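Asks: File follows, run_16.cif with mmCIF, C-alpha atoms and all ligand atoms:
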```
data_target
#
loop_
_atom_site.label_atom_id
_atom_site.label_comp_id
_atom_site.auth_asym_id
_atom_site.auth_seq_id
_atom_site.Cartn_x
_atom_site.Cartn_y
_atom_site.Cartn_z
CA MET A 155 0.00 0.00 0.00
CA LYS A 156 1.23 3.43 -0.78
CA GLY A 157 1.91 5.63 2.22
CA ARG A 158 0.59 9.18 2.27
CA ARG A 159 4.05 10.44 1.49
CA THR A 160 5.06 7.86 -1.09
CA ARG A 161 6.69 9.50 -4.06
CA THR A 162 6.44 8.17 -7.52
CA LYS A 163 8.24 10.12 -10.20
CA ARG A 164 9.92 13.44 -9.71
CA SER A 165 8.13 15.90 -11.94
CA ARG A 166 9.33 19.33 -12.92
CA SER A 167 6.80 22.13 -12.87
CA GLY A 168 6.06 24.08 -15.98
CA SER A 169 6.02 22.82 -19.54
CA PRO A 170 7.72 24.14 -22.61
CA GLY A 171 5.60 26.87 -24.15
CA LEU A 172 3.61 27.59 -21.01
CA PRO A 173 4.25 30.71 -18.94
CA PRO A 174 5.98 30.05 -15.60
CA THR A 175 3.69 28.59 -12.95
CA PRO A 176 3.20 30.83 -9.91
CA GLN A 177 3.20 29.45 -6.38
CA ALA A 178 -0.43 28.44 -6.06
CA GLY A 179 -0.86 29.55 -2.46
CA ILE A 180 -0.67 33.22 -3.46
CA LEU A 181 -4.12 32.95 -5.01
CA ALA A 182 -5.54 30.14 -2.84
CA VAL A 183 -8.10 32.11 -0.85
CA GLY A 184 -10.48 30.62 1.67
CA THR A 185 -8.04 29.20 4.17
CA GLY A 186 -8.64 29.95 7.84
CA ALA A 187 -5.34 28.88 9.39
CA HIS A 188 -1.99 30.49 8.66
CA VAL A 189 1.61 30.37 9.82
CA TYR A 190 4.34 32.78 8.74
CA LEU A 191 7.91 31.76 9.45
CA GLU A 192 10.64 34.25 8.63
CA VAL A 193 14.00 32.52 8.65
CA ASP A 194 17.66 33.39 8.39
CA ARG A 195 20.69 31.38 7.42
CA THR A 196 22.62 29.93 10.31
CA ALA A 197 26.30 30.79 10.68
CA GLY A 198 28.28 28.96 8.06
CA ALA A 199 25.33 28.17 5.79
CA ARG A 200 25.49 29.68 2.32
CA ALA A 201 22.60 31.44 0.61
CA LEU A 202 22.61 28.61 -1.90
CA ASP A 203 22.24 26.03 0.89
CA LEU A 204 19.17 27.85 2.17
CA VAL A 205 17.59 28.17 -1.26
CA HIS A 206 18.30 24.48 -2.00
CA ALA A 207 16.66 23.51 1.26
CA VAL A 208 13.61 25.73 0.72
CA ALA A 209 13.24 24.63 -2.89
CA GLY A 210 13.37 21.05 -1.68
CA LEU A 211 10.28 21.42 0.50
CA ARG A 212 8.25 19.22 -1.78
CA GLU A 213 6.33 17.38 0.92
CA ALA A 214 4.43 20.50 1.94
CA ARG A 215 3.31 20.81 -1.67
CA THR A 216 1.42 17.54 -1.79
CA THR A 217 -2.23 17.95 -2.62
CA THR A 218 -3.31 15.58 0.13
CA ALA A 219 -2.28 17.58 3.18
CA GLY A 220 -4.59 20.44 2.27
CA VAL A 221 -1.89 22.99 2.97
CA ASN A 222 -0.51 25.70 0.71
CA LEU A 223 3.12 26.69 0.93
CA VAL A 224 4.36 30.00 -0.39
CA VAL A 225 8.07 30.75 -0.11
CA GLY A 226 9.90 33.98 -0.76
CA PHE A 227 13.46 35.21 -0.50
CA ARG A 228 15.39 38.33 0.39
CA PRO A 229 15.45 40.11 -2.98
CA GLY A 230 19.21 40.72 -3.13
CA MET A 231 19.97 37.12 -2.18
CA TRP A 232 17.68 35.71 -4.85
CA ARG A 233 19.13 38.08 -7.46
CA ARG A 234 22.68 36.94 -6.66
CA LEU A 235 21.71 33.31 -7.09
CA LEU A 236 19.58 33.82 -10.19
CA PRO A 237 20.60 36.99 -12.02
CA GLY A 238 17.69 38.05 -14.18
CA GLY A 239 15.31 36.06 -11.98
CA ILE A 240 13.70 39.09 -10.33
CA PRO A 241 12.55 42.51 -11.58
CA ARG A 242 15.41 44.96 -11.45
CA GLU A 243 13.85 47.47 -9.12
CA VAL A 244 13.03 45.07 -6.28
CA VAL A 245 15.04 45.60 -3.08
CA GLY A 246 14.73 44.43 0.51
CA PHE A 247 13.17 46.38 3.37
CA ASP A 248 16.62 47.30 4.61
CA ARG A 249 16.03 50.71 6.18
CA ALA A 250 13.23 51.86 8.43
CA LEU A 251 10.77 54.25 6.81
CA ARG A 252 10.26 57.44 8.76
CA GLY A 253 7.51 59.99 8.23
CA PRO A 254 7.86 63.79 8.59
CA ASP A 255 6.56 63.61 12.19
CA GLY A 256 8.92 60.78 13.17
CA TYR A 257 6.39 57.95 12.93
CA THR A 258 8.47 54.96 11.89
CA MET A 259 7.94 51.67 10.11
CA PRO A 260 10.70 49.31 11.17
CA ALA A 261 12.79 47.31 8.71
CA THR A 262 13.08 43.68 9.79
CA GLN A 263 14.21 41.97 6.62
CA HIS A 264 15.04 38.25 6.83
CA ASP A 265 16.51 35.79 4.33
CA ALA A 266 13.33 33.88 3.54
CA VAL A 267 9.69 33.47 4.44
CA LEU A 268 7.55 30.36 4.55
CA TRP A 269 3.82 30.98 4.58
CA LEU A 270 1.72 27.90 5.19
CA SER A 271 -2.06 28.11 5.03
CA GLY A 272 -4.82 25.57 5.23
CA MET A 273 -8.27 24.77 6.51
CA SER A 274 -7.28 24.12 10.09
CA GLN A 275 -4.41 24.84 12.40
CA ASP A 276 -3.50 21.19 13.01
CA VAL A 277 -2.50 20.46 9.41
CA VAL A 278 -0.71 23.78 9.11
CA PHE A 279 1.13 23.03 12.35
CA ASP A 280 2.21 19.57 11.19
CA GLU A 281 3.38 20.78 7.79
CA ALA A 282 5.24 23.72 9.30
CA ARG A 283 7.01 21.40 11.75
CA ALA A 284 7.92 19.11 8.85
CA ALA A 285 9.21 22.06 6.83
CA LEU A 286 11.42 23.20 9.69
CA ARG A 287 12.81 19.69 10.12
CA ALA A 288 13.57 19.59 6.40
CA LEU A 289 15.40 22.91 6.57
CA GLY A 290 17.60 21.25 9.18
CA SER A 291 20.62 23.20 10.23
CA VAL A 292 20.77 25.70 7.36
CA ALA A 293 18.16 28.09 8.74
CA SER A 294 16.71 29.22 12.03
CA VAL A 295 13.36 30.87 12.65
CA SER A 296 13.61 34.58 13.39
CA THR A 297 9.92 35.44 13.59
CA GLU A 298 6.89 33.23 13.78
CA THR A 299 3.30 34.44 13.53
CA VAL A 300 0.15 32.37 13.65
CA GLY A 301 -2.71 33.93 11.69
CA TRP A 302 -6.43 33.25 11.58
CA THR A 303 -9.47 34.64 9.83
CA TYR A 304 -11.83 36.82 11.83
CA ARG A 305 -15.56 36.84 11.08
CA ARG A 306 -14.99 35.62 7.54
CA ASP A 307 -13.52 38.70 5.88
CA ARG A 308 -12.95 41.28 8.62
CA ASP A 309 -9.78 42.42 10.30
CA LEU A 310 -9.62 43.02 14.02
CA THR A 311 -10.79 46.62 13.62
CA GLY A 312 -14.14 44.98 12.79
CA PHE A 313 -14.09 46.31 9.21
CA VAL A 314 -14.25 44.21 6.07
CA ASP A 315 -10.68 43.92 4.78
CA GLY A 316 -10.32 43.24 1.08
CA THR A 317 -13.36 44.97 -0.42
CA GLU A 318 -11.24 46.71 -3.06
CA ASN A 319 -9.08 43.66 -3.67
CA PRO A 320 -8.90 42.48 -7.28
CA THR A 321 -11.09 39.45 -7.96
CA LEU A 322 -9.38 36.12 -8.62
CA VAL A 323 -9.92 36.82 -12.32
CA GLU A 324 -7.93 40.05 -12.08
CA ALA A 325 -5.46 39.01 -9.38
CA PRO A 326 -2.89 37.16 -11.53
CA ALA A 327 -2.32 40.27 -13.67
CA VAL A 328 -1.99 42.40 -10.53
CA ALA A 329 0.14 40.07 -8.44
CA LEU A 330 2.38 38.23 -10.92
CA VAL A 331 5.33 39.41 -12.98
CA PRO A 332 4.23 39.02 -16.63
CA ALA A 333 5.64 36.35 -18.92
CA ARG A 334 8.97 37.09 -20.62
CA GLN A 335 10.00 39.62 -17.97
CA ALA A 336 12.71 39.13 -15.37
CA GLY A 337 11.16 37.05 -12.60
CA ALA A 338 8.15 36.03 -14.70
CA GLY A 339 5.49 34.22 -12.69
CA GLY A 340 6.95 35.57 -9.46
CA SER A 341 5.53 38.17 -7.11
CA VAL A 342 6.75 40.87 -4.76
CA LEU A 343 5.48 40.33 -1.23
CA LEU A 344 5.29 42.96 1.49
CA LEU A 345 4.87 41.29 4.87
CA GLN A 346 4.20 43.60 7.78
CA LYS A 347 2.90 42.75 11.20
CA TRP A 348 0.76 45.50 12.71
CA ARG A 349 -0.20 45.49 16.39
CA HIS A 350 -3.59 47.10 16.93
CA LEU A 351 -3.97 49.61 19.73
CA ALA A 352 -7.26 48.02 20.65
CA ALA A 353 -8.30 50.12 23.63
CA ARG A 354 -7.71 53.34 21.69
CA TRP A 355 -9.62 52.01 18.70
CA GLU A 356 -12.53 50.76 20.80
CA SER A 357 -12.86 54.16 22.47
CA LEU A 358 -13.94 55.65 19.10
CA SER A 359 -17.56 55.81 18.00
CA VAL A 360 -18.43 53.80 14.91
CA ALA A 361 -18.75 57.04 12.93
CA ALA A 362 -15.22 58.05 13.98
CA GLN A 363 -13.87 54.60 13.09
CA GLU A 364 -15.50 54.92 9.68
CA ARG A 365 -13.72 58.22 9.10
CA VAL A 366 -10.41 56.50 9.92
CA ILE A 367 -10.97 53.67 7.45
CA GLY A 368 -12.88 55.72 4.86
CA ARG A 369 -15.64 53.14 4.57
CA THR A 370 -18.76 52.17 6.51
CA LYS A 371 -18.32 49.48 9.13
CA ALA A 372 -21.43 47.39 8.54
CA ASP A 373 -21.26 46.97 4.77
CA SER A 374 -17.94 48.50 3.66
CA VAL A 375 -19.33 51.27 1.45
CA GLU A 376 -16.78 53.96 0.61
CA LEU A 377 -17.49 57.31 2.27
CA GLU A 378 -18.30 60.14 -0.11
CA PRO A 379 -16.09 62.11 0.05
CA LYS A 380 -13.47 59.97 1.80
CA PRO A 381 -11.48 61.90 4.38
CA SER A 382 -8.03 62.69 2.97
CA ASP A 383 -6.29 61.07 5.97
CA SER A 384 -8.49 57.95 5.86
CA HIS A 385 -6.78 54.64 5.24
CA ALA A 386 -8.68 54.10 1.99
CA GLY A 387 -7.68 57.62 0.95
CA ARG A 388 -3.99 57.09 1.71
CA THR A 389 -3.78 53.77 -0.13
CA ASP A 390 -6.10 54.58 -3.03
CA GLN A 391 -5.32 52.10 -5.78
CA ASP A 392 -6.53 54.54 -8.44
CA VAL A 393 -3.53 56.64 -7.42
CA PHE A 394 -0.87 54.04 -6.60
CA GLY A 395 -1.82 51.05 -8.72
CA LYS A 396 -3.41 47.78 -7.74
CA ILE A 397 -2.12 45.24 -5.27
CA PHE A 398 -3.49 41.88 -4.08
CA ARG A 399 -3.95 41.60 -0.30
CA ARG A 400 -4.18 38.41 1.74
CA ASN A 401 -4.26 39.99 5.24
CA VAL A 402 -5.26 37.95 8.25
CA ALA A 403 -5.63 38.52 11.98
CA TYR A 404 -3.03 37.33 14.48
CA GLY A 405 -2.63 37.26 18.22
CA THR A 406 -4.43 36.91 21.48
CA VAL A 407 -7.18 38.78 23.29
CA THR A 408 -4.72 41.26 24.76
CA ASP A 409 -2.08 41.43 22.02
CA HIS A 410 -3.28 41.19 18.46
CA GLY A 411 -3.44 42.84 15.08
CA THR A 412 -3.15 42.40 11.35
CA ILE A 413 -0.59 40.58 9.30
CA PHE A 414 -0.48 42.68 6.16
CA VAL A 415 0.28 40.37 3.25
CA GLY A 416 0.42 42.34 0.01
CA PHE A 417 1.43 40.92 -3.39
CA CYS A 418 2.21 42.88 -6.50
CA ALA A 419 3.90 42.37 -9.85
CA SER A 420 6.02 45.41 -9.04
CA GLN A 421 7.39 46.83 -5.82
CA ARG A 422 6.45 50.41 -6.61
CA PRO A 423 2.78 50.45 -5.55
CA LEU A 424 3.54 48.72 -2.24
CA ARG A 425 6.35 51.09 -1.42
CA ALA A 426 4.34 54.15 -2.50
CA MET A 427 1.43 53.13 -0.27
CA LEU A 428 3.71 52.84 2.76
CA GLU A 429 5.15 56.28 2.02
CA SER A 430 1.69 57.71 1.59
CA MET A 431 0.55 56.19 4.89
CA LEU A 432 3.50 57.93 6.56
CA GLY A 433 2.68 61.29 4.98
CA LEU A 434 5.70 61.24 2.69
CA ARG A 435 3.75 61.82 -0.51
CA GLY A 436 2.36 65.24 -0.01
CA GLY A 437 -0.72 64.25 1.99
CA PRO A 438 -1.44 63.74 5.69
CA ARG A 439 -0.38 60.68 7.67
CA ASP A 440 -2.84 57.77 7.50
CA ALA A 441 -5.25 58.01 10.45
CA LEU A 442 -5.07 54.23 10.85
CA THR A 443 -1.46 54.55 11.97
CA ARG A 444 -2.76 56.21 15.15
CA PHE A 445 -4.53 52.96 16.02
CA ALA A 446 -2.05 50.34 14.81
CA ARG A 447 1.72 50.12 14.96
CA PRO A 448 3.95 48.20 12.55
CA LEU A 449 6.22 45.76 14.40
CA THR A 450 7.92 44.22 11.39
CA GLY A 451 8.47 44.98 7.71
CA ALA A 452 10.06 42.90 4.99
CA PHE A 453 9.93 42.51 1.23
CA TYR A 454 10.35 39.06 -0.29
CA PHE A 455 10.50 37.89 -3.85
CA VAL A 456 8.23 34.90 -4.33
CA PRO A 457 9.63 33.16 -7.42
CA SER A 458 7.63 31.04 -9.81
CA LEU A 459 7.63 27.30 -9.16
CA ASP A 460 9.75 26.86 -12.28
CA ALA A 461 12.44 29.22 -10.99
CA LEU A 462 12.33 27.54 -7.59
CA GLN A 463 12.69 24.12 -9.15
CA ARG A 464 16.03 25.11 -10.62
CA PHE A 465 17.35 24.94 -7.08
CA ALA A 466 15.57 21.81 -5.93
CA PRO A 467 17.99 19.10 -4.83
CA GLN A 468 18.93 16.69 -7.62
CA SER A 469 17.31 18.85 -10.25
CA GLU A 470 19.37 19.64 -13.27
CA GLY A 471 20.30 23.17 -14.28
CA ALA A 472 20.34 24.86 -10.89
CA GLU A 473 22.42 27.92 -10.09
CA GLY A 474 22.73 30.88 -12.33
CA GLY A 475 21.28 31.73 -15.71
CA SER A 476 18.14 33.68 -16.26
CA GLY A 477 14.64 32.48 -15.61
C1 LIG B 1 -3.14 47.57 10.48
C2 LIG B 1 -2.93 47.37 9.20
C3 LIG B 1 -4.02 47.46 8.19
C4 LIG B 1 -5.36 47.27 8.34
C5 LIG B 1 -6.13 46.87 9.61
C6 LIG B 1 -5.97 47.52 7.06
C7 LIG B 1 -7.33 47.48 6.82
C8 LIG B 1 -7.94 47.92 5.66
C9 LIG B 1 -9.36 48.08 5.47
C10 LIG B 1 -10.41 47.77 6.53
C11 LIG B 1 -9.55 48.53 4.21
C12 LIG B 1 -10.89 48.91 3.54
C13 LIG B 1 -11.52 47.78 2.81
C14 LIG B 1 -10.79 47.29 1.59
O1 LIG B 1 -10.86 47.90 0.52
O2 LIG B 1 -10.06 46.33 1.73
C15 LIG B 1 -8.26 48.64 3.59
C16 LIG B 1 -8.03 49.06 2.31
C17 LIG B 1 -6.81 49.05 1.70
N1 LIG B 1 -5.59 48.84 2.30
FE1 LIG B 1 -5.30 48.40 4.24
N2 LIG B 1 -4.99 47.86 6.16
C18 LIG B 1 -3.78 47.84 6.81
C19 LIG B 1 -2.53 48.11 6.27
C20 LIG B 1 -2.32 48.38 4.94
C21 LIG B 1 -1.02 48.56 4.34
C22 LIG B 1 0.30 48.52 5.09
C23 LIG B 1 -1.24 48.75 3.00
C24 LIG B 1 -0.26 48.99 1.87
C25 LIG B 1 1.03 48.85 1.94
C26 LIG B 1 -2.66 48.68 2.78
C27 LIG B 1 -3.27 48.79 1.55
C28 LIG B 1 -4.63 48.91 1.35
C29 LIG B 1 -5.24 49.13 0.05
C30 LIG B 1 -4.53 49.23 -1.28
C31 LIG B 1 -6.61 49.25 0.27
C32 LIG B 1 -7.69 49.54 -0.78
C33 LIG B 1 -7.66 51.04 -1.07
C34 LIG B 1 -8.61 51.43 -2.19
O3 LIG B 1 -8.22 51.35 -3.36
O4 LIG B 1 -9.76 51.78 -1.88
N3 LIG B 1 -3.28 48.46 3.97
N4 LIG B 1 -7.30 48.27 4.50
#
```
What does the file become when written as structure tokens?
Replies:
Amino acid sequence: MKGRRTRTKRSRSGSPGLPPTPQAGILAVGTGAHVYLEVDRTAGARALDLVHAVAGLREARTTTAGVNLVVGFRPGMWRRLLPGGIPREVVGFDRALRGPDGYTMPATQHDAVLWLSGMSQDVVFDEARAALRALGSVASVSTETVGWTYRRDRDLTGFVDGTENPTLVEAPAVALVPARQAGAGGSVLLLQKWRHLAARWESLSVAAQERVIGRTKADSVELEPKPSDSHAGRTDQDVFGKIFRRNVAYGTVTDHGTIFVGFCASQRPLRAMLESMLGLRGGPRDALTRFARPLTGAFYFVPSLDALQRFAPQSEGAEGGSG
């Protein structure tokens, strides 16, 4: 009898003539349990060792476990290993971003991120443990965050989060680097953990909370006009371009917030939105930043499965070249 983990033939992703296959978890909505592991190389391990190990995490990509795995890398590290494998402009979150009034978004870049998501926490837990065992001694976990969905599609402010997200029909064009470009099939990920200042937020009336977000709380209708310092005003996609958000809640009753998980084919819109939220783009600071504080901030490049496979153990053609 075949065991759950029995392997048959090694298959390479992608086929000649087809565009590169993205990591499926980027678009796999509807999962309630999430784990984000940001890892760094251990002393003595090379970047290539880490990428080999991460690319070799095939078990977490079985279709039977019901878990999605998305992996991303420090942009500069990925570029060194695969020149031409990432859009030219993409850089890490290497310096804190500071607004005119001193409000600061910290830079906490790590070498790689593993995002596992599934229906329930037990399978995500098991697959994450297995992934860490497989990484062995080349990497250690620097930050770990367990995420969960709150009231279907709301964040812990109580507002619907994702109303203006592209649909799954539009999302690939928004989130994925187009075919025949450097890093095709890949995506730029901004991962930022925001602690909510819950008591301060809860002291506001619903009308005041709506002015902060720029939408109504019950049914997420945009305010007309939206206050210029509202969150929806500061991140307006008609101004900055579209992104694809997969935010979830994290934390406990007394210490919780939002894991901002934003994907884009280009880094520019993500970066511009952060600057706008800080008041660095000619407008006021985002009112939401008075009720939530960013604890982490990192950019990762999430390569296509085809690019990742070039580094999988025993696969031919790894290291270097464009793809
Ligand atoms: C504490 C952190 C955050 C929370 C709780 C939060 C919550 C929300 C909510 C409730 C909305 C309105 C509904 C919707 O359209 O989705 C929204 C909109 C949006 N947010 Fe956030 N957000 C956070 C951080 C960020 C960050 C860091 C960015 C960008 C880097 C961002 C980008 C956007 C965008 C692009 C929209 C849609 C704007 C539009 O075109 O109308 N958000 N967010």
Asks: Please check which protein, DNA or RNA residues sit within 7 Å of ligand LIG 1 (chain B), counting only C-alpha atoms and all ligand atoms, and write them as a ChimeraX atom specification.
Replies: /A:309-311,313-319,346,348-350,367,369,374,385-387,389-392,396-397,411-412,414,416,424-425,427-428,442,446
Asks: Put a box with edges along x, y and z around all the listed atoms of range 367-385 of chain A, pad it by 6 Å on each side, then give me its centre and sizes in Å, one decimal, as lines of an AutoDock Vina configuration file.
Replies:
```
center_x = -13.9
center_y = 54.8
center_z = 4.5
size_x = 27.1
size_y = 27.7
size_z = 21.2
```
Asks: Closest to Gly437 in chain A among A:Gly301, A:Pro254, A:Ala352, A:Ala461, using all atoms listed in the file?
Replies: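 Result for the nearest residue to Gly437 in chain A: A:Pro254.
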Asks: Can you tell me which residues surround range 326-341 of chain A at a distance of at most 7 Å, considering all atoms listed in the file, apart from same-chain residues fewer than 2 positions away, and format the answer as a ChimeraX atom specification?
Replies: /A:173-176,238-241,324,343,396-398,417-419,455-458,477
Asks: Counting only C-alpha atoms, which residue out of A:Val415, A:Val225, A:Gly184, A:Phe445 sits closest to Val366 in chain A?
Replies: A:Phe445
Asks: So how many Å separate CA of Glu356 in chain A and CA of Ala441 in chain A, to one decimal?
Replies: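 So the two atoms, CA of Glu356 in chain A and CA of Ala441 in chain A, lie 14.6 Å apart.
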Asks: Have a look at A:Pro467, A:Gly451, A:Gly179, A:Gly186 and name the one nearest to Asp248 in chain A; count all atoms listed in the file.
Replies: A:Gly451
Asks: Give me, as a PyMOL selection string, all polymer residues having an atom no more than 9 Å from Leu377 in chain A, counting all atoms listed in the file and skipping those fewer than 6 positions away in the same chain.
Replies: chain A and resi 364-365+368-370
Asks: Just the selected residues (C-alpha atoms), exported as a CSV table (one decimal), in the coordinates of the input, please.
Replies:
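As a result, out.csv now contains:
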```
chain,number,residue,atom,x,y,z
A,364,GLU,CA,-15.5,54.9,9.7
A,365,ARG,CA,-13.7,58.2,9.1
A,368,GLY,CA,-12.9,55.7,4.9
A,369,ARG,CA,-15.6,53.1,4.6
A,370,THR,CA,-18.8,52.2,6.5
```
Asks: Would you please work out which residue, of A:Leu251, A:Leu223, A:Leu235, A:Val295, is nearest to Gly210 in chain A when using only C-alpha atoms?
Replies: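 Selected residue with least distance to Gly210 in chain A: A:Leu223.
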Asks: By how many Å are CA of Asp460 in chain A and CA of Ala207 in chain A apart?
Replies: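 For CA of Asp460 in chain A relative to CA of Ala207 in chain A, the distance reads 15.6 Å.
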Asks: Give me, please, the distance in Å between CA of Ser296 in chain A and CA of Tyr190 in chain A, quoted to one decimal.
Replies: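 CA of Tyr190 in chain A lies at a distance of 10.5 Å from CA of Ser296 in chain A.
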